[in-house]
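In what follows, a single structure is set out as structure tokens and then discussed.
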2 protein chains.
Amino acid sequence: MDLSFERIFHPRRVAVAGVSTDGFGFGRGILLSLLEMGFEGELFPVNPRGGEIKGLKIYPAIEDIPGEIDFAVIAVAAEAVPETLAACRRKGAAGAEILSSGFRETGTEKGAALEEAVRVEAARGIRVIGPNCFGIYCPKSGLTMLPGPDLSRETGPVAFVSQSGGHAIDLAFLGKAVGIRFSKMISFGNGVDLRETELLKYLTTDPETGVIAMYLEGVTDGDAFFRALDEATRKKPVVIYKGGLSEAGQRAVASHTASMGGQALIWESILRQAGAVQTASMDELAGACLALSLLPRRPYRGVTVVGGGGALGVAACDTAEAYGLQLPPLTGEIFEAVQAVLPKPGSSAANPIDIANPYVPPQTLEKALTAAGQDERVDIQIMVPLLYHFKALAAMLGLPSIKEATPYEAMAEAGARAAAATGKPVCAVLPNPRRTLADLDVEVILREARDSFLKRGIPVFSSLAEAFSAVRHAARAARRLEGHPD
Amino acid sequence: MDLSFERIFHPRRVAVAGVSTDGFGFGRGILLSLLEMGFEGELFPVNPRGGEIKGLKIYPAIEDIPGEIDFAVIAVAAEAVPETLAACRRKGAAGAEILSSGFRETGTEKGAALEEAVRVEAARGIRVIGPNCFGIYCPKSGLTMLPGPDLSRETGPVAFVSQSGGHAIDLAFLGKAVGIRFSKMISFGNGVDLRETELLKYLTTDPETGVIAMYLEGVTDGDAFFRALDEATRKKPVVIYKGGLSEAGQRAVASHTASMGGQALIWESILRQAGAVQTASMDELAGACLALSLLPRRPYRGVTVVGGGGALGVAACDTAEAYGLQLPPLTGEIFEAVQAVLPKPGSSAANPIDIANPYVPPQTLEKALTAAGQDERVDIQIMVPLLYHFKALAAMLGLPSIKEATPYEAMAEAGARAAAATGKPVCAVLPNPRRTLADLDVEVILREARDSFLKRGIPVFSSLAEAFSAVRHAARAARRLEGHPD
């Protein structure tokens, strides 16, 4: 493996250039964030004015740092970036991330010239991430991106490469909440040096990475990228959200990261040929990453949906069809076994399995899932407890709060037991509809419940559509890894 | 107007049949809910065992109630429903809602026979809502549906007719939070008597109703329904979500409300011809209702999006195109006026207007919206403050909490002032991504901010896609009301 990547993602000595002692500039922000994340190495803040911050000496210049550095975070004004980068190279840094903007994305000659100067400097022997980016997040070393003081330090299988800093930080926070854990995340912005193709190749061989996700606005060398992609998808699932596929989107891409966009149909067919999973939004990408992190790699096709309420079942069927999944109607002995555990009247054992009211007892849930999982056409099961209804139940039963009325731990346990008994994974959908401030207790229960499910390895989605989409993507990736043509 | 509808929605004397003194049966639940809602009339609980509940005498039978009744809520076992309904008719009730299930939806001969008995009884002179339904919610009179003890008592323009009780109660709660206010809501379940066509006709003439929304699984008389629909959409917008359009969905519909489904393409073309707004989910229906409640009736086409972050702009363009809206690129004087107020570098005044970071100062927002609104191609503007980022800002600034860092009141005011100055409405998108329990403060801010925007008549959506979809639906309804063919 290229040792410079090791020094970039797990650096021991890091310079942060452009740290002011107050205000909220990027340099100070990222330094405080690194401290809060508990970054494992040494930090050397740099600013011509000198001084001290959080007990760390601020060096007037990169040159003043004692000894070598492995990596640098550069947050100085665009004009000063090329010389700062040169100083970092002379200090032995393997790489630097440039958070500053003011380069080619401005559409000015001056910006373009500055970016060219950075490119020339990089070619002399220092790898560059950026400029106009949010940098690197690596939970293992404690490197964090802008503005990430409280990202997770737990490592996981998902790597994310992003041309947008906003999408990167949003996914990092979302992942923390919904259970997506990362090996490393790279926001590369204008991508003057390191970008999609080289990062994809590196992550394909990275043993810490099991799933590669990418947000792209454009690629610099289409042929090279698609060769690397075709190679990567044979080893690991690669999930791609390509932004700027519309006409107006291409215009926006140009002013955002100065990339060339590309036509929707061409991208779609090329990504498909190369075996990638394509998504139409960041939420969809996140769902696919969650499923690929937690579910066994299988070509899922048949699904059951278990929940309370007939209209939910109708929506389940309509949605499944839209996502190319099947809800095989249960019949014969299996139908009867499911029907035997359901309350009457109002329930339905046909699949979707309708438990007739939103207060699904965990035991009923476990029995229904265990019975339905015997059907050989069923590959995966989705339970839909409508937890927000339990507030009304608590009120009706005179219980002190929604917490006492909501058996979410037992529900999660029921799902885990049914999955173990049948060998078919179980997912949960916990819809999280908007509510008033008076219903903040419902939000608390939903978040606690999500953690209970995740603790047992059960992925939680917020809608059936999201769950179906994620399962379909996981199935597609599995077929690719098994060597099936799409 | 049919006086029986007046007595059904605003009854003064209401019997509730099937009220037990404890447990959580439907009868007890709806009685307690009616008390909590502050129902304006008199309530007469009924149960053969007698007794007392919340200071109200429980009558052994409908016949024992002194004097006439206007309306009845029936929650007794299916077998006892026909005779209870007959007793209500003899007591002078104009109508009754039957919450009990155990009828045609069971697929049994017994269920079908009981439903037929209800139909025969209804034909003798009492209007029936249900069976197998959640009943009526009417904020003005305080009638509430199951299980709704804490629905809003504020009246508004939207009427909702639903074949699903679950969808109805979910929309009632969602509406309370996001600012959709209702004239009346009717969950009609199996719809043995009153159902889609007659309710649609009534609501078309109802002066309290300005927007009609419907969730349908099937219709009993297609010709009559579409004639009524064609008539209705010339007077008021009608928004319809038709469930069960897939093959599997039709199967689920059969076991849910025993309706016949129908093919997707046929429904789509017929709804379009009749001038209705068709949605593909309840969330989409809710978005359309919100826009139709708060926005002036105009044929919106050109949109600006104002927010922080370039990738947001890219997504905005891609999404707008998918929804048939246009993001006209600003040029000339207007472009320069917007550019003059934006911070540099990293911003873009082209539309989407990128304020370059998520911490959009309200004054900048107001100036940008006011300048962009001068463009004659712009019909409506959407601002996207990413409030969840303000937690990091609070930390960076050393502020005690996210509340001190987040100027949501001033943002809402900025939007309202720009709308007043330009005559072009402003919407807000407040994305509400999933977060951990530690970020519950972010959720609080989001809900407070939503209320601030709503107080100023600014609809709040949770994604750009939702906003664009709602605006497109509002535009379509406006064109229909102006008499344009679609």
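Every chain in the structure tokens takes a letter, A first, then B, and so on in the order presented; its residues are numbered from 1, and the ligands are numbered from 1 following the presented order.
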
DSSP strand (DSSP E or B) residues within segment 251-438 of chain B, as a PyMOL selection string: chain B and resi 277-279+302-307+326+348+353-354+380-384+426-429

I need the chosen residues saved as a short mmCIF file (atom, residue, chain, number, x, y, z; two decimals), in the first residue's frame, with C-alpha atoms.
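Okay, result_34.cif is ready:
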data_model
loop_
_atom_site.label_atom_id
_atom_site.label_comp_id
_atom_site.auth_asym_id
_atom_site.auth_seq_id
_atom_site.Cartn_x
_atom_site.Cartn_y
_atom_site.Cartn_z
CA VAL B 277 -54.11 16.83 -8.08
CA GLN B 278 -52.80 13.27 -7.77
CA THR B 279 -50.11 12.37 -5.23
CA GLY B 302 -40.03 30.10 -11.81
CA VAL B 303 -38.41 29.47 -8.43
CA THR B 304 -35.32 30.72 -6.64
CA VAL B 305 -33.55 28.72 -3.97
CA VAL B 306 -31.51 30.59 -1.38
CA GLY B 307 -29.29 28.71 1.04
CA GLN B 326 -37.62 26.29 -13.44
CA SER B 348 -22.92 32.40 -5.97
CA ILE B 353 -28.21 31.56 -4.58
CA ASP B 354 -25.44 30.10 -2.46
CA ILE B 380 -41.91 32.07 -5.67
CA GLN B 381 -38.79 31.82 -3.50
CA ILE B 382 -37.55 29.05 -1.24
CA MET B 383 -35.06 29.63 1.55
CA VAL B 384 -33.13 26.75 3.06
CA VAL B 426 -41.56 32.78 0.28
CA CYS B 427 -41.42 29.18 1.51
CA ALA B 428 -38.89 27.63 3.86
CA VAL B 429 -37.21 24.25 3.81
#

Expected answer as a PyMOL selection string: chain B residues within 7 Å of chain A, only C-alpha atoms: chain B and resi 24+29+101-102+106+147+164+166+173-174+177+243-246+248-249+252-253+256+309-311+313-315+317-318+321+345-346+392+396-397+433-437+444+447

How would the residues just chosen look if you wrote them out with N, CA and C atoms as a short mmCIF file (atom, residue, chain, number, x, y, z; two decimals), in the first residue's frame?
data_model
loop_
_atom_site.label_atom_id
_atom_site.label_comp_id
_atom_site.auth_asym_id
_atom_site.auth_seq_id
_atom_site.Cartn_x
_atom_site.Cartn_y
_atom_site.Cartn_z
N PHE B 24 -58.93 -0.69 27.41
CA PHE B 24 -58.75 0.31 26.37
C PHE B 24 -59.51 -0.06 25.09
N GLY B 29 -62.13 4.71 24.85
CA GLY B 29 -61.09 5.58 24.29
C GLY B 29 -61.69 6.81 23.63
N SER B 101 -64.93 -3.25 13.91
CA SER B 101 -64.61 -4.02 12.71
C SER B 101 -65.22 -5.41 12.86
N GLY B 102 -65.03 -6.26 11.85
CA GLY B 102 -65.65 -7.59 11.88
C GLY B 102 -66.72 -7.71 10.81
N THR B 106 -63.41 -8.92 6.72
CA THR B 106 -62.92 -10.21 7.22
C THR B 106 -62.90 -11.26 6.12
N PRO B 147 -57.44 7.46 17.44
CA PRO B 147 -57.41 7.71 18.88
C PRO B 147 -56.91 9.12 19.11
N SER B 164 -58.90 5.10 4.90
CA SER B 164 -58.04 4.52 5.93
C SER B 164 -58.06 5.38 7.19
N GLY B 166 -55.93 4.94 9.70
CA GLY B 166 -54.53 5.22 10.03
C GLY B 166 -54.03 6.47 9.31
N PHE B 173 -52.48 14.51 13.04
CA PHE B 173 -51.35 14.85 13.91
C PHE B 173 -50.27 15.61 13.15
N LEU B 174 -49.96 15.17 11.94
CA LEU B 174 -48.96 15.87 11.14
C LEU B 174 -49.41 17.31 10.88
N ALA B 177 -48.81 19.72 13.61
CA ALA B 177 -47.42 20.15 13.75
C ALA B 177 -46.97 21.07 12.62
N GLY B 243 -54.47 4.72 -3.20
CA GLY B 243 -53.65 3.58 -2.78
C GLY B 243 -54.06 2.33 -3.52
N GLY B 244 -53.13 1.38 -3.62
CA GLY B 244 -53.47 0.09 -4.22
C GLY B 244 -53.41 0.09 -5.72
N LEU B 245 -52.51 0.87 -6.29
CA LEU B 245 -52.42 0.92 -7.75
C LEU B 245 -51.54 -0.19 -8.31
N SER B 246 -50.71 -0.81 -7.46
CA SER B 246 -49.89 -1.92 -7.94
C SER B 246 -50.71 -3.21 -7.86
N ALA B 248 -49.90 -6.03 -6.28
CA ALA B 248 -49.93 -6.50 -4.90
C ALA B 248 -50.79 -5.57 -4.06
N GLY B 249 -50.75 -4.28 -4.38
CA GLY B 249 -51.54 -3.31 -3.64
C GLY B 249 -53.03 -3.59 -3.76
N ALA B 252 -53.94 -6.16 -1.32
CA ALA B 252 -53.99 -5.64 0.04
C ALA B 252 -55.25 -4.82 0.27
N VAL B 253 -55.64 -4.06 -0.75
CA VAL B 253 -56.86 -3.27 -0.65
C VAL B 253 -58.06 -4.18 -0.37
N HIS B 256 -58.20 -5.01 3.13
CA HIS B 256 -58.28 -3.88 4.05
C HIS B 256 -59.69 -3.32 4.12
N GLY B 309 -24.29 26.55 0.82
CA GLY B 309 -23.70 25.28 0.41
C GLY B 309 -23.95 25.00 -1.05
N GLY B 310 -22.88 24.72 -1.79
CA GLY B 310 -22.98 24.54 -3.23
C GLY B 310 -23.70 23.27 -3.63
N ALA B 311 -23.49 22.19 -2.87
CA ALA B 311 -24.12 20.93 -3.25
C ALA B 311 -25.63 21.02 -3.11
N GLY B 313 -27.30 23.57 -3.88
CA GLY B 313 -27.73 24.19 -5.13
C GLY B 313 -27.82 23.18 -6.25
N VAL B 314 -26.85 22.28 -6.32
CA VAL B 314 -26.85 21.25 -7.35
C VAL B 314 -28.10 20.37 -7.19
N ALA B 315 -28.34 19.94 -5.95
CA ALA B 315 -29.52 19.11 -5.69
C ALA B 315 -30.79 19.88 -6.03
N CYS B 317 -31.27 22.15 -8.32
CA CYS B 317 -31.47 22.17 -9.77
C CYS B 317 -31.97 20.84 -10.28
N ASP B 318 -31.30 19.77 -9.84
CA ASP B 318 -31.71 18.44 -10.29
C ASP B 318 -33.16 18.18 -9.90
N GLU B 321 -35.93 20.32 -11.82
CA GLU B 321 -36.19 19.79 -13.16
C GLU B 321 -37.12 18.58 -13.09
N PRO B 345 -15.15 34.80 -0.61
CA PRO B 345 -15.48 34.01 -1.79
C PRO B 345 -16.36 32.83 -1.41
N GLY B 346 -16.73 32.05 -2.43
CA GLY B 346 -17.48 30.82 -2.18
C GLY B 346 -18.96 30.98 -2.42
N ALA B 392 -22.92 23.55 16.01
CA ALA B 392 -21.46 23.68 15.91
C ALA B 392 -21.05 25.15 16.06
N MET B 396 -18.51 26.77 18.71
CA MET B 396 -17.34 27.54 18.29
C MET B 396 -17.33 28.92 18.94
N LEU B 397 -18.50 29.50 19.11
CA LEU B 397 -18.59 30.85 19.67
C LEU B 397 -18.64 30.82 21.19
N PRO B 433 -32.78 16.18 9.59
CA PRO B 433 -32.14 14.87 9.48
C PRO B 433 -32.11 14.16 10.84
N ARG B 434 -32.04 12.84 10.77
CA ARG B 434 -32.01 12.06 12.01
C ARG B 434 -30.73 12.35 12.78
N ARG B 435 -30.85 12.51 14.07
CA ARG B 435 -29.73 12.80 14.94
C ARG B 435 -29.83 11.93 16.19
N THR B 436 -28.78 11.98 17.03
CA THR B 436 -28.79 11.17 18.25
C THR B 436 -29.56 11.87 19.36
N LEU B 437 -29.74 11.16 20.45
CA LEU B 437 -30.41 11.74 21.61
C LEU B 437 -29.69 12.98 22.11
N VAL B 444 -35.54 20.65 19.08
CA VAL B 444 -36.35 21.70 19.72
C VAL B 444 -36.31 22.98 18.88
N ARG B 447 -38.35 22.74 15.71
CA ARG B 447 -39.81 22.85 15.92
C ARG B 447 -40.18 24.29 16.26
#

Within 12 Å of Ile334 of chain A, counting only C-alpha atoms, which residues show up once you throw out same-chain ones fewer than 6 positions away? Write them as a short mmCIF file (atom, residue, chain, number, x, y, z; two decimals) with C-alpha atoms, in the first residue's frame, please.
data_model
loop_
_atom_site.label_atom_id
_atom_site.label_comp_id
_atom_site.auth_asym_id
_atom_site.auth_seq_id
_atom_site.Cartn_x
_atom_site.Cartn_y
_atom_site.Cartn_z
CA PRO A 328 -45.22 -13.12 -1.82
CA ALA A 340 -53.05 -18.36 14.48
CA VAL A 341 -50.99 -15.77 16.36
CA ALA A 349 -51.97 -12.91 7.57
CA ALA A 350 -51.61 -12.63 3.82
CA ASN A 351 -48.44 -10.46 3.62
CA ILE A 353 -49.16 -9.02 7.71
CA LYS A 367 -44.23 -15.41 16.38
CA ALA A 368 -45.50 -13.81 13.17
CA LEU A 369 -41.97 -13.12 11.91
CA THR A 370 -40.75 -16.58 12.84
CA ALA A 371 -43.67 -18.28 11.11
CA ALA A 372 -43.54 -16.11 7.97
CA GLY A 373 -39.75 -16.54 7.70
CA GLN A 374 -40.30 -20.25 7.01
CA ASP A 375 -41.60 -19.43 3.53
CA GLU A 376 -38.79 -20.12 1.09
CA ARG A 377 -39.83 -17.17 -1.08
CA VAL A 378 -39.16 -14.82 1.84
#

Shell around Gly191 of chain B at 7 Å using only C-alpha atoms, local window under 6 positions removed, as a JSON list (two decimals) with N, CA and C atoms, in the first residue's frame:
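Once written, result32.json looks like this:
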[["chain", "number", "residue", "atom", "x", "y", "z"],
["B", 129, "ILE", "N", -71.36, 6.31, 8.86],
["B", 129, "ILE", "CA", -69.93, 6.40, 8.52],
["B", 129, "ILE", "C", -69.28, 5.14, 9.06],
["B", 130, "GLY", "N", -68.61, 4.38, 8.19],
["B", 130, "GLY", "CA", -68.00, 3.12, 8.58],
["B", 130, "GLY", "C", -68.78, 1.98, 7.99],
["B", 131, "PRO", "N", -68.74, 0.78, 8.56],
["B", 131, "PRO", "CA", -67.98, 0.41, 9.76],
["B", 131, "PRO", "C", -66.49, 0.28, 9.47]]

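For the atom pair formed by atom CA of Ser4 of chain A and atom CA of Gly275 of chain A, the distance is 29.0 Å, given to one decimal.
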
DSSP helix (DSSP H, G or I) selection over segment 224-453 of chain B, as a ChimeraX atom specification: /B:224-232,247-257,264-273,282-294,310-322,332-341,362-372,387-397,402-405,408-422,437-453

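Compared by their closest atoms to Asp206 of chain B, and using only C-alpha atoms, the residues B:Ala159, B:Val239, B:Cys289, B:Ile186 rank with B:Ala159 nearest.
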